[in-house]
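Asks: Supplied structure: protein.tsv, TSV, C-alpha atoms and all ligand atoms.
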```
chain	number	residue	atom	x	y	z
Q	812	MET	CA	-54.91	93.30	85.99
Q	813	LYS	CA	-52.99	90.57	84.18
Q	814	VAL	CA	-49.35	91.47	83.60
Q	815	TRP	CA	-47.59	89.87	80.63
Q	816	GLN	CA	-43.88	89.28	80.33
Q	817	GLN	CA	-42.42	91.95	78.07
Q	818	PRO	CA	-39.63	90.89	75.69
Q	819	LEU	CA	-36.24	91.39	77.31
Q	820	PRO	CA	-34.15	94.22	75.91
Q	821	ARG	CA	-31.74	92.63	73.44
Q	822	ILE	CA	-28.67	93.42	75.46
Q	823	TYR	CA	-29.68	90.87	78.12
Q	824	THR	CA	-29.93	88.05	75.61
Q	825	GLU	CA	-26.57	88.95	74.08
Q	826	LEU	CA	-24.51	89.17	77.27
Q	827	SER	CA	-22.26	86.22	78.02
Q	828	GLU	CA	-22.81	84.28	81.24
Q	829	PRO	CA	-19.71	85.78	82.92
Q	830	GLU	CA	-20.93	89.27	81.99
Q	831	LEU	CA	-24.39	88.55	83.35
Q	832	ARG	CA	-22.93	87.19	86.58
Q	833	LEU	CA	-20.82	90.29	87.12
Q	834	ARG	CA	-23.70	92.64	86.41
Q	835	ILE	CA	-26.03	90.71	88.70
Q	836	GLN	CA	-23.49	90.82	91.47
Q	837	ALA	CA	-22.95	94.57	90.97
Q	838	ALA	CA	-26.72	95.22	91.06
Q	839	LYS	CA	-27.09	93.14	94.22
Q	840	GLU	CA	-24.30	95.06	95.86
Q	841	ALA	CA	-25.87	98.37	94.85
Q	842	LEU	CA	-29.20	97.35	96.38
Q	843	GLY	CA	-27.53	95.97	99.51
Q	844	PRO	CA	-29.75	95.16	102.50
Q	845	LYS	CA	-32.85	96.57	100.79
Q	846	LEU	CA	-33.12	93.33	98.79
Q	847	ALA	CA	-33.63	89.63	99.47
Q	848	VAL	CA	-33.28	87.14	96.60
Q	849	LEU	CA	-35.05	83.84	97.20
Q	850	GLY	CA	-34.20	80.67	95.26
Q	851	HIS	CA	-36.50	77.66	95.25
Q	852	HIS	CA	-34.95	74.19	95.57
Q	853	TYR	CA	-35.96	73.35	91.98
Q	854	GLN	CA	-34.25	76.40	90.50
Q	855	GLN	CA	-31.26	76.02	88.15
Q	856	ASP	CA	-27.80	76.32	89.72
Q	857	ALA	CA	-26.77	79.47	87.85
Q	858	VAL	CA	-29.67	81.33	89.49
Q	859	ILE	CA	-29.29	79.65	92.88
Q	860	ASP	CA	-25.76	81.10	93.00
Q	861	PHE	CA	-27.34	84.54	93.54
Q	862	ALA	CA	-30.01	83.53	96.03
Q	863	ASP	CA	-29.64	84.89	99.57
Q	864	PHE	CA	-31.81	82.02	100.79
Q	865	THR	CA	-32.75	78.69	99.27
Q	866	GLY	CA	-35.55	76.42	100.38
Q	867	ASP	CA	-39.13	75.45	99.60
Q	868	SER	CA	-41.85	77.94	98.79
Q	869	PHE	CA	-43.46	78.50	102.19
Q	870	GLU	CA	-40.21	78.55	104.13
Q	871	LEU	CA	-38.76	81.09	101.73
Q	872	SER	CA	-41.77	83.38	102.07
Q	873	ARG	CA	-41.52	83.18	105.86
Q	874	LYS	CA	-37.82	83.91	105.62
Q	875	ALA	CA	-38.54	87.01	103.54
Q	876	ALA	CA	-41.12	88.10	106.15
Q	877	GLU	CA	-38.44	87.84	108.86
Q	878	GLN	CA	-35.99	90.18	107.11
Q	879	LYS	CA	-36.05	93.61	108.70
Q	880	GLY	CA	-35.79	96.72	106.54
Q	881	ILE	CA	-36.00	95.11	103.10
Q	882	ASP	CA	-37.87	96.96	100.35
Q	883	TYR	CA	-37.73	94.30	97.65
Q	884	VAL	CA	-37.98	90.54	97.32
Q	885	ILE	CA	-36.97	88.84	94.09
Q	886	PHE	CA	-38.51	85.38	94.09
Q	887	CYS	CA	-36.73	82.97	91.77
Q	888	GLY	CA	-39.60	80.52	91.78
Q	889	VAL	CA	-43.07	80.53	90.23
Q	890	HIS	CA	-46.09	82.84	90.42
Q	891	PHE	CA	-47.94	81.35	93.41
Q	892	MET	CA	-44.71	81.52	95.44
Q	893	ALA	CA	-44.33	85.23	94.71
Q	894	GLU	CA	-47.98	85.72	95.74
Q	895	SER	CA	-47.31	83.92	99.04
Q	896	ALA	CA	-44.29	86.14	99.67
Q	897	ASP	CA	-46.42	89.22	99.00
Q	898	ILE	CA	-49.09	87.98	101.41
Q	899	LEU	CA	-46.62	87.23	104.21
Q	900	THR	CA	-44.28	90.22	103.94
Q	901	ASP	CA	-45.02	93.73	105.11
Q	902	GLU	CA	-47.32	95.61	102.71
Q	903	ARG	CA	-44.61	98.05	101.75
Q	904	VAL	CA	-42.29	95.25	100.51
Q	905	ARG	CA	-42.50	94.82	96.75
Q	906	VAL	CA	-42.22	91.28	95.40
Q	907	ILE	CA	-40.83	90.64	91.93
Q	908	LEU	CA	-40.94	87.55	89.73
Q	909	PRO	CA	-38.12	87.93	87.16
Q	910	ASP	CA	-40.21	86.24	84.43
Q	911	ILE	CA	-43.93	86.81	84.97
Q	912	GLY	CA	-44.63	83.81	82.71
Q	913	ALA	CA	-43.18	81.44	85.33
Q	914	GLY	CA	-46.41	79.80	86.47
Q	915	CYS	CA	-47.14	76.43	88.04
Q	916	SER	CA	-49.12	73.90	86.04
Q	917	MET	CA	-50.61	72.47	89.23
Q	918	ALA	CA	-51.75	75.81	90.66
Q	919	ASP	CA	-53.29	76.67	87.30
Q	920	MET	CA	-55.50	73.54	87.46
Q	921	ALA	CA	-57.85	75.15	90.02
Q	922	ASN	CA	-59.40	78.55	89.40
Q	923	LEU	CA	-61.90	80.50	91.46
Q	924	ASP	CA	-64.89	80.14	89.11
Q	925	GLN	CA	-64.51	76.36	89.06
Q	926	THR	CA	-64.16	76.36	92.83
Q	927	LEU	CA	-67.33	78.39	93.40
Q	928	GLU	CA	-69.24	76.02	91.11
Q	929	ALA	CA	-67.84	72.94	92.86
Q	930	TRP	CA	-68.72	74.38	96.27
Q	931	ALA	CA	-72.31	75.10	95.25
Q	932	GLN	CA	-72.74	71.57	93.88
Q	933	LEU	CA	-71.20	69.94	96.94
Q	934	GLU	CA	-73.40	71.92	99.34
Q	935	GLU	CA	-76.49	71.01	97.37
Q	936	THR	CA	-75.58	67.32	97.07
Q	937	CYS	CA	-74.37	66.79	100.63
Q	938	PRO	CA	-76.88	68.51	102.95
Q	939	GLY	CA	-76.14	68.15	106.65
Q	940	GLN	CA	-72.45	67.52	106.03
Q	941	THR	CA	-69.60	69.79	107.03
Q	942	ILE	CA	-67.39	70.48	104.03
Q	943	VAL	CA	-63.92	71.72	104.91
Q	944	PRO	CA	-61.79	73.14	102.07
Q	945	ILE	CA	-58.04	72.58	102.34
Q	946	THR	CA	-55.55	73.82	99.82
Q	947	TYR	CA	-51.96	72.89	99.25
Q	948	MET	CA	-49.54	75.80	99.31
Q	949	ASN	CA	-49.13	75.27	95.56
Q	950	SER	CA	-52.30	77.15	94.64
Q	951	SER	CA	-53.21	80.68	93.66
Q	952	ALA	CA	-53.90	83.34	96.28
Q	953	ALA	CA	-57.54	83.34	95.12
Q	954	ILE	CA	-57.93	79.66	96.14
Q	955	LYS	CA	-56.16	80.25	99.46
Q	956	ALA	CA	-58.54	83.13	100.13
Q	957	PHE	CA	-61.59	80.99	99.26
Q	958	VAL	CA	-60.39	78.37	101.70
Q	959	GLY	CA	-59.80	80.96	104.43
Q	960	GLU	CA	-63.25	82.43	103.96
Q	961	HIS	CA	-64.93	79.00	104.16
Q	962	GLY	CA	-63.42	77.66	107.39
Q	963	GLY	CA	-60.43	75.85	105.89
Q	964	ALA	CA	-56.66	76.12	105.93
Q	965	VAL	CA	-53.57	75.87	103.79
Q	966	CYS	CA	-51.20	72.90	104.10
Q	967	THR	CA	-47.69	72.10	102.94
Q	968	SER	CA	-46.36	68.70	101.95
Q	969	SER	CA	-44.67	68.56	105.38
Q	970	ASN	CA	-47.75	69.21	107.50
Q	971	CYS	CA	-50.56	67.89	105.30
Q	972	ARG	CA	-51.45	65.09	107.73
Q	973	ASN	CA	-51.84	67.44	110.72
Q	974	VAL	CA	-53.97	69.80	108.68
Q	975	LEU	CA	-56.20	66.96	107.42
Q	976	GLU	CA	-56.70	65.69	110.98
Q	977	TRP	CA	-57.77	69.19	111.97
Q	978	ALA	CA	-60.11	69.39	108.99
Q	979	LEU	CA	-61.71	66.03	109.77
Q	980	ALA	CA	-62.63	67.39	113.20
Q	981	GLY	CA	-64.64	70.13	111.47
Q	982	GLY	CA	-61.89	72.68	110.78
Q	983	ALA	CA	-63.06	76.22	111.45
Q	984	VAL	CA	-66.45	75.82	109.76
Q	985	ALA	CA	-68.85	77.91	111.84
Q	986	ALA	CA	-71.88	75.72	111.05
Q	987	HIS	CA	-70.14	72.47	112.04
Q	988	LYS	CA	-71.97	70.47	114.70
Q	989	PRO	CA	-70.54	67.47	116.56
Q	990	GLY	CA	-71.82	64.33	114.83
Q	991	ASN	CA	-71.95	65.94	111.36
Q	992	LYS	CA	-70.23	63.93	108.69
Q	993	VAL	CA	-67.14	65.84	107.58
Q	994	LYS	CA	-65.91	65.89	104.01
Q	995	VAL	CA	-62.61	67.45	102.96
Q	996	LEU	CA	-62.43	69.21	99.61
Q	997	PHE	CA	-58.71	69.11	98.83
Q	998	PHE	CA	-57.08	71.47	96.27
Q	999	PRO	CA	-55.35	71.21	93.84
Q	1000	ASP	CA	-53.09	68.13	94.05
Q	1001	GLN	CA	-55.04	64.91	94.09
Q	1002	HIS	CA	-51.86	62.91	94.71
Q	1003	LEU	CA	-50.77	64.70	97.88
Q	1004	GLY	CA	-54.35	64.42	99.17
Q	1005	ARG	CA	-54.64	60.73	98.31
Q	1006	ASN	CA	-51.21	59.74	99.61
Q	1007	THR	CA	-51.76	61.56	102.90
Q	1008	ALA	CA	-55.31	60.32	103.49
Q	1009	PHE	CA	-54.22	56.75	102.69
Q	1010	ALA	CA	-51.32	57.01	105.15
Q	1011	MET	CA	-53.89	58.12	107.74
Q	1012	GLY	CA	-55.80	54.87	107.22
Q	1013	TYR	CA	-58.51	55.95	104.77
Q	1014	PRO	CA	-59.05	53.39	101.99
Q	1015	LEU	CA	-59.08	54.60	98.40
Q	1016	ASP	CA	-62.82	53.97	98.06
Q	1017	ARG	CA	-63.47	56.74	100.64
Q	1018	MET	CA	-61.95	59.25	98.23
Q	1019	VAL	CA	-63.40	60.63	95.01
Q	1020	VAL	CA	-61.71	62.74	92.37
Q	1021	TRP	CA	-63.43	66.04	91.62
Q	1022	ASP	CA	-63.09	66.84	87.93
Q	1023	PRO	CA	-64.05	70.51	87.56
Q	1024	LYS	CA	-64.98	69.95	83.91
Q	1025	GLN	CA	-67.81	67.56	84.80
Q	1026	ASP	CA	-71.11	67.85	86.62
Q	1027	LEU	CA	-70.71	66.74	90.27
Q	1028	GLY	CA	-67.03	66.47	89.50
Q	1029	GLY	CA	-67.77	63.31	87.47
Q	1030	ASN	CA	-69.34	61.45	90.41
Q	1031	ASP	CA	-72.81	60.18	91.18
Q	1032	ALA	CA	-74.56	61.88	94.09
Q	1033	ARG	CA	-74.49	58.88	96.41
Q	1034	THR	CA	-70.76	58.18	95.99
Q	1035	LEU	CA	-70.08	61.84	96.54
Q	1036	ARG	CA	-72.14	61.92	99.74
Q	1037	ASP	CA	-70.38	58.82	101.12
Q	1038	ALA	CA	-66.84	60.01	100.41
Q	1039	ASP	CA	-64.62	61.47	103.10
Q	1040	PHE	CA	-62.37	63.23	100.62
Q	1041	ALA	CA	-63.09	64.99	97.36
Q	1042	LEU	CA	-59.71	65.37	95.68
Q	1043	TRP	CA	-59.44	68.10	93.08
Q	1044	LYS	CA	-58.29	66.72	89.73
Q	1045	GLY	CA	-54.93	68.44	89.68
Q	1046	HIS	CA	-51.35	67.24	89.61
Q	1047	CYS	CA	-47.77	68.38	89.28
Q	1048	SER	CA	-46.60	67.86	85.72
Q	1049	VAL	CA	-43.08	67.09	87.00
Q	1050	HIS	CA	-43.86	64.53	89.71
Q	1051	ALA	CA	-46.56	62.86	87.58
Q	1052	LEU	CA	-43.77	61.72	85.24
Q	1053	PHE	CA	-42.54	59.16	87.77
Q	1054	ARG	CA	-44.16	55.77	87.25
Q	1055	PRO	CA	-44.19	52.56	89.32
Q	1056	GLU	CA	-42.00	50.78	86.75
Q	1057	HIS	CA	-39.26	53.36	87.41
Q	1058	VAL	CA	-39.10	52.04	90.98
Q	1059	ASP	CA	-38.87	48.45	89.69
Q	1060	GLN	CA	-36.13	49.45	87.22
Q	1061	ALA	CA	-34.10	51.24	89.91
Q	1062	ARG	CA	-34.36	48.23	92.22
Q	1063	ALA	CA	-33.33	45.84	89.45
Q	1064	LYS	CA	-30.35	47.98	88.45
Q	1065	PHE	CA	-29.17	48.93	91.93
Q	1066	PRO	CA	-30.20	46.28	94.47
Q	1067	GLY	CA	-30.11	47.80	97.97
Q	1068	MET	CA	-30.73	51.34	96.75
Q	1069	LYS	CA	-33.27	53.32	98.78
Q	1070	VAL	CA	-36.12	54.86	96.83
Q	1071	ILE	CA	-37.36	58.18	98.21
Q	1072	VAL	CA	-40.09	60.19	96.48
Q	1073	HIS	CA	-42.13	63.35	96.88
Q	1074	PRO	CA	-45.82	62.86	97.86
Q	1075	GLU	CA	-46.88	64.75	94.72
Q	1076	CYS	CA	-46.00	61.47	92.95
Q	1077	LYS	CA	-48.82	59.07	92.10
Q	1078	TRP	CA	-50.09	56.75	94.84
Q	1079	GLU	CA	-48.74	53.67	92.99
Q	1080	VAL	CA	-45.24	55.17	93.02
Q	1081	VAL	CA	-45.40	56.17	96.69
Q	1082	GLN	CA	-46.57	52.64	97.60
Q	1083	LYS	CA	-43.53	51.12	95.93
Q	1084	ALA	CA	-41.03	53.60	97.39
Q	1085	ASP	CA	-39.19	53.11	100.67
Q	1086	MET	CA	-39.84	56.64	101.85
Q	1087	ALA	CA	-41.95	59.64	100.83
Q	1088	GLY	CA	-41.83	63.23	102.01
Q	1089	SER	CA	-41.47	66.91	101.19
Q	1090	THR	CA	-38.38	68.41	99.58
Q	1091	ALA	CA	-37.12	69.42	103.04
Q	1092	TYR	CA	-37.60	65.81	104.20
Q	1093	ILE	CA	-35.73	64.43	101.19
Q	1094	VAL	CA	-32.85	66.88	101.72
Q	1095	ASP	CA	-32.66	66.00	105.43
Q	1096	GLN	CA	-32.71	62.25	104.81
Q	1097	VAL	CA	-29.81	62.51	102.38
Q	1098	ARG	CA	-27.85	64.82	104.70
Q	1099	LYS	CA	-28.26	62.45	107.63
Q	1100	ALA	CA	-27.40	59.27	105.74
Q	1101	PRO	CA	-24.00	57.61	106.27
Q	1102	PRO	CA	-21.40	57.60	103.45
Q	1103	GLY	CA	-22.04	54.90	100.91
Q	1104	THR	CA	-25.83	55.19	101.08
Q	1105	GLU	CA	-27.47	54.74	97.69
Q	1106	TRP	CA	-30.56	56.72	96.69
Q	1107	ALA	CA	-32.96	56.83	93.78
Q	1108	ILE	CA	-34.84	60.11	94.26
Q	1109	GLY	CA	-38.22	60.91	92.73
Q	1110	THR	CA	-38.37	64.69	92.55
Q	1111	GLU	CA	-37.32	67.62	90.37
Q	1112	VAL	CA	-34.01	67.00	88.62
Q	1113	HIS	CA	-32.22	70.22	89.67
Q	1114	LEU	CA	-32.65	69.35	93.34
Q	1115	VAL	CA	-31.47	65.78	92.75
Q	1116	ASN	CA	-28.40	66.96	90.84
Q	1117	ARG	CA	-27.57	69.50	93.57
Q	1118	LEU	CA	-27.81	66.80	96.24
Q	1119	LYS	CA	-25.53	64.65	94.11
Q	1120	GLN	CA	-22.92	67.42	94.00
Q	1121	GLN	CA	-23.22	68.16	97.71
Q	1122	HIS	CA	-22.94	64.49	98.72
Q	1123	PRO	CA	-20.22	62.83	96.64
Q	1124	GLU	CA	-19.85	60.33	99.51
Q	1125	GLN	CA	-23.26	58.87	98.57
Q	1126	LYS	CA	-24.59	57.42	95.33
Q	1127	ILE	CA	-27.55	59.46	94.11
Q	1128	VAL	CA	-29.57	59.00	90.93
Q	1129	VAL	CA	-32.83	60.50	89.74
Q	1130	LEU	CA	-35.55	57.85	89.84
Q	1131	SER	CA	-36.24	58.15	86.14
Q	1132	ASP	CA	-34.35	59.54	83.17
Q	1133	CYS	CA	-37.53	61.28	82.02
Q	1134	GLN	CA	-36.02	64.79	82.40
Q	1135	CYS	CA	-38.26	65.61	85.35
Q	1136	LEU	CA	-37.70	69.33	85.11
Q	1137	CYS	CA	-39.97	72.15	86.24
Q	1138	THR	CA	-40.01	73.93	82.89
Q	1139	THR	CA	-41.95	76.92	84.17
Q	1140	MET	CA	-39.47	77.62	86.96
Q	1141	TYR	CA	-36.71	77.18	84.39
Q	1142	ARG	CA	-37.94	80.37	82.71
Q	1143	ILE	CA	-36.20	82.31	85.48
Q	1144	ASP	CA	-32.68	82.60	84.13
Q	1145	LEU	CA	-29.70	84.93	84.44
Q	1146	PRO	CA	-30.89	87.38	81.73
Q	1147	HIS	CA	-34.28	87.86	83.45
Q	1148	LEU	CA	-32.69	88.13	86.88
Q	1149	CYS	CA	-30.18	90.70	85.62
Q	1150	TRP	CA	-32.94	92.71	83.88
Q	1151	ALA	CA	-35.14	92.78	87.01
Q	1152	LEU	CA	-32.22	93.76	89.26
Q	1153	GLU	CA	-30.82	96.49	87.02
Q	1154	ASN	CA	-34.28	98.00	86.70
Q	1155	LEU	CA	-34.51	98.07	90.48
Q	1156	VAL	CA	-31.14	99.82	90.71
Q	1157	ASP	CA	-32.56	102.43	88.31
Q	1158	GLY	CA	-35.64	102.81	90.52
Q	1159	THR	CA	-38.06	100.85	88.28
Q	1160	VAL	CA	-40.00	97.89	89.64
Q	1161	VAL	CA	-40.75	95.38	86.88
Q	1162	ASN	CA	-42.95	92.27	87.17
Q	1163	GLU	CA	-44.35	93.13	90.58
Q	1164	VAL	CA	-46.69	90.47	92.00
Q	1165	ARG	CA	-49.32	92.13	94.16
Q	1166	VAL	CA	-52.26	90.42	95.87
Q	1167	ASP	CA	-55.33	92.61	96.43
Q	1168	ALA	CA	-56.35	93.50	99.99
Q	1169	THR	CA	-59.37	91.17	100.33
Q	1170	THR	CA	-57.55	88.18	98.85
Q	1171	ARG	CA	-54.58	88.91	101.08
Q	1172	LYS	CA	-56.78	89.11	104.18
Q	1173	TRP	CA	-58.48	85.75	103.65
Q	1174	SER	CA	-55.31	84.03	102.44
Q	1175	LEU	CA	-53.63	85.13	105.65
Q	1176	VAL	CA	-56.51	83.64	107.65
Q	1177	ALA	CA	-55.96	80.29	105.89
Q	1178	LEU	CA	-52.20	80.45	106.45
Q	1179	GLU	CA	-52.51	81.47	110.09
Q	1180	ARG	CA	-54.93	78.62	110.74
Q	1181	MET	CA	-52.30	76.25	109.37
Q	1182	LEU	CA	-49.68	77.68	111.73
Q	1183	ALA	CA	-52.04	77.38	114.69
Q	1184	ILE	CA	-52.74	73.68	114.07
Q	1185	LYS	CA	-50.92	71.51	116.57
Q	1186	GLY	CA	-48.02	69.69	115.01
Q	1187	THR	CA	-47.47	72.06	112.11
Q	1188	GLY	CA	-44.98	74.15	114.10
Q	1189	ASN	CA	-44.20	77.79	113.52
Q	1190	PRO	CA	-41.69	77.98	110.69
Q	1191	ILE	CA	-40.65	81.51	111.62
Q	1192	GLN	CA	-39.19	80.32	114.90
Q	1193	ARG	CA	-38.29	76.81	113.91
Q	1194	SER	CA	-34.75	76.11	112.87
Q	1195	ASN	CA	-35.16	74.42	109.50
Q	1196	SER	CA	-32.25	72.91	107.71
Q	1197	SER	CA	-33.88	73.49	104.32
Q	1198	ILE	CA	-33.31	77.22	104.64
Q	1199	GLN	CA	-29.78	78.18	103.82
Q	1200	PRO	CA	-28.39	81.70	103.73
Q	1201	ARG	CA	-26.00	81.96	100.81
Q	1202	PRO	CA	-22.41	83.10	101.21
Q	1203	THR	CA	-21.06	86.13	99.32
Q	1204	PRO	CA	-19.28	87.12	97.15
Q	1205	ILE	CA	-20.87	85.29	94.25
Q	1206	VAL	CA	-18.32	86.16	91.55
Q	1207	SER	CA	-14.67	86.22	92.57
Q	1208	GLN	CA	-12.00	88.51	91.07
Q	1209	GLU	CA	-10.26	85.40	89.71
Q	1210	GLU	CA	-13.44	84.26	87.99
Q	1211	ALA	CA	-13.96	87.69	86.49
Q	1212	ALA	CA	-10.36	87.88	85.29
Q	1213	LYS	CA	-10.59	84.38	83.83
Q	1214	ALA	CA	-13.69	85.38	81.93
Q	1215	GLY	CA	-11.84	88.37	80.50
Q	1216	ILE	CA	-14.19	90.86	82.17
Q	1217	VAL	CA	-11.56	92.56	84.37
Q	1218	ASP	CA	-7.82	92.26	84.55
F	1301	LIG	S1	-42.55	71.28	90.36
F	1301	LIG	FE1	-44.74	70.99	89.95
F	1301	LIG	S2	-45.85	71.88	91.67
F	1301	LIG	FE2	-43.71	72.63	91.75
F	1301	LIG	S3	-43.76	74.60	90.67
F	1301	LIG	FE3	-43.19	73.05	89.14
F	1301	LIG	S4	-45.17	72.40	88.23
F	1301	LIG	FE4	-45.66	73.50	90.13
```
How would this structure read if it were set down as structure tokens?

Replies:
Amino acid sequence: MKVWQQPLPRIYTELSEPELRLRIQAAKEALGPKLAVLGHHYQQDAVIDFADFTGDSFELSRKAAEQKGIDYVIFCGVHFMAESADILTDERVRVILPDIGAGCSMADMANLDQTLEAWAQLEETCPGQTIVPITYMNSSAAIKAFVGEHGGAVCTSSNCRNVLEWALAGGAVAAHKPGNKVKVLFFPDQHLGRNTAFAMGYPLDRMVVWDPKQDLGGNDARTLRDADFALWKGHCSVHALFRPEHVDQARAKFPGMKVIVHPECKWEVVQKADMAGSTAYIVDQVRKAPPGTEWAIGTEVHLVNRLKQQHPEQKIVVLSDCQCLCTTMYRIDLPHLCWALENLVDGTVVNEVRVDATTRKWSLVALERMLAIKGTGNPIQRSNSSIQPRPTPIVSQEEAAKAGIVD
């Protein structure tokens, strides 16, 4: 059943920021170890202040799964992330998205009906081929489950290459026979698929784009049969804003500056950049760099600004001034967080994200296949610098007094 975001009670929109911060802290303290608050890298700073862990979507879900004895997870991210947390945590843990309207434009570009239609057309057009579906983490649970049920796996932007290598060897498709031509159907981000396949040595003419609004995805049958990759026509509305000329402009303005971008950026941008990698990779590269290093970073602006604050010894700019902001994630703000937390304190769970049993089962299959693929590592045991437990307290007595909340 679709849950809609109910209007916030007026009080939450009228509270000042200091009041909200104090109430959020009080609610967190009341819930104590029963609760884990997760904050995605792209989240605004005011919300990140209250996150127990920050990181990327998959790592955060795994982190939640590792916490013993928690009853609730509040995911300050977007809908597919909350679904992943629900899939990976114990069934009794209840996962909450403070604003249920916080979706992901990329995940929304592939739905199950379109996928079933695409699968039927591909099977009919490419007889004798092994088709392996792979989905990026940034997809709905329904797509992850489809992939799990059809011999495929999930991938992240960190391990996409390892997962594609596995897929090109036939994945876990039961009917695969040695010698069969293998085709990867990659959801939902065409750019991550294209950038990774190209880096593996596949030329662009071995890849087709699958447009779900067109018959055969907009391809002729022969081109489709010959292709090694069918890339779903999806993209991230944030990373798609970066253009090749932004790289040229950054280089002209700051000669010697390193350009580092996320692989959800277009192929033309990645080709011009010095480095490309996941958010964890970008964070690690900046952390490791010597003082005085200059960076133009092509990813979500909140992460870039946070890196800038954390590394004053380096020069960091966002690759473009296009306001590359994840507007859907931005819907999670202090009023929504406060509302969700205070309801929990009162024993009411609002905005629960729950994945049904069958979808959960097959999504888990797809996720576990990813973890079993050599080279992807096991994030639960791996020490990963992108995951950071947050210190407490969040609001100091001085801050409260300054804000006139307490004396
Ligand atoms: S940054 Fe892009 S892929 Fe990530 S949540 Fe926002 S819209 Fe989705």

Asks: Could the residues that lie within 8 Å of ligand LIG 1301 (chain F), counting all atoms listed in the file, be listed as number ranges by chain?

Replies: Q: 853, 888-889, 914-918, 949, 1046-1050, 1075, 1111, 1136-1140

Asks: Of the candidates Q:Val1094, Q:Ala1038, Q:Ile822, Q:Leu908, which shows the shortest atom-to-atom distance to Ala1151 in chain Q, using only C-alpha atoms?

Replies: Q:Leu908

Asks: Can you work out the spacing between CA of Gly1088 in chain Q and CA of His1073 in chain Q in Å, to one decimal?

Replies: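 Interatomic distance, CA of Gly1088 in chain Q to CA of His1073 in chain Q: 5.1 Å.
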
Asks: For a cutoff of 12 Å around the file-coordinate point (-29.3, 97.7, 95.3), which residues qualify once you count only C-alpha atoms? I'd like the result as a PyMOL selection string.

Replies: chain Q and resi 834-848+881-885+1149+1151-1159

Asks: For Asn991 in chain Q, find every residue with an atom within 12 Å (counting all atoms listed in the file), except residues of its own chain fewer than 6 positions away, and show them as a list in words.

Replies: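 These residues fall inside the cut-off: Cys937, Pro938, Gly939, Gln940, Thr941, Ile942, Val943, Leu979, Ala980, Gly981, Val984 and Asp1039 of chain Q.
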
Asks: Would you save the residues of that selection, restricted to C-alpha atoms, as a PDB file, keeping the file's coordinate frame?

Replies:
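See out18.pdb below for the written result:
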```
ATOM      1  CA  CYS Q 937     -74.370  66.790 100.630  1.00  0.00           C
ATOM      2  CA  PRO Q 938     -76.880  68.510 102.950  1.00  0.00           C
ATOM      3  CA  GLY Q 939     -76.140  68.150 106.650  1.00  0.00           C
ATOM      4  CA  GLN Q 940     -72.450  67.520 106.030  1.00  0.00           C
ATOM      5  CA  THR Q 941     -69.600  69.790 107.030  1.00  0.00           C
ATOM      6  CA  ILE Q 942     -67.390  70.480 104.030  1.00  0.00           C
ATOM      7  CA  VAL Q 943     -63.920  71.720 104.910  1.00  0.00           C
ATOM      8  CA  LEU Q 979     -61.710  66.030 109.770  1.00  0.00           C
ATOM      9  CA  ALA Q 980     -62.630  67.390 113.200  1.00  0.00           C
ATOM     10  CA  GLY Q 981     -64.640  70.130 111.470  1.00  0.00           C
ATOM     11  CA  VAL Q 984     -66.450  75.820 109.760  1.00  0.00           C
ATOM     12  CA  ASP Q1039     -64.620  61.470 103.100  1.00  0.00           C
TER      13      ASP Q1039
END
```

Asks: Rank nothing, just name the residue among Q:Lys1077, Q:Asp1085, Q:Glu1124, Q:Lys874 nearest to Ala1100 in chain Q, using all atoms listed in the file.

Replies: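 Looking at the shortest contact to Ala1100 in chain Q, the residue is Q:Glu1124.
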
Asks: Provide the CA of Gly1028 in chain Q to CA of Ile945 in chain Q distance in Å, to one decimal place.

Replies: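 Rounded to one decimal, the two atoms are 16.8 Å apart.
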
Asks: For the contact check between range 1122-1158 of chain Q and range 1064-1071 of chain Q, emit one row per residue of range 1122-1158 of chain Q within 10 Å, containing the shortest atom pair and the distance in Å rounded to one decimal, counting only C-alpha atoms, chain then rising number order, as a tab-separated table.

Replies:
```
residue	atom	partner	partner_atom	distance
Q:Lys1126	CA	Q:Met1068	CA	8.8
Q:Ile1127	CA	Q:Met1068	CA	9.1
Q:Val1128	CA	Q:Met1068	CA	9.7
Q:Val1129	CA	Q:Val1070	CA	9.6
Q:Leu1130	CA	Q:Val1070	CA	7.6
```
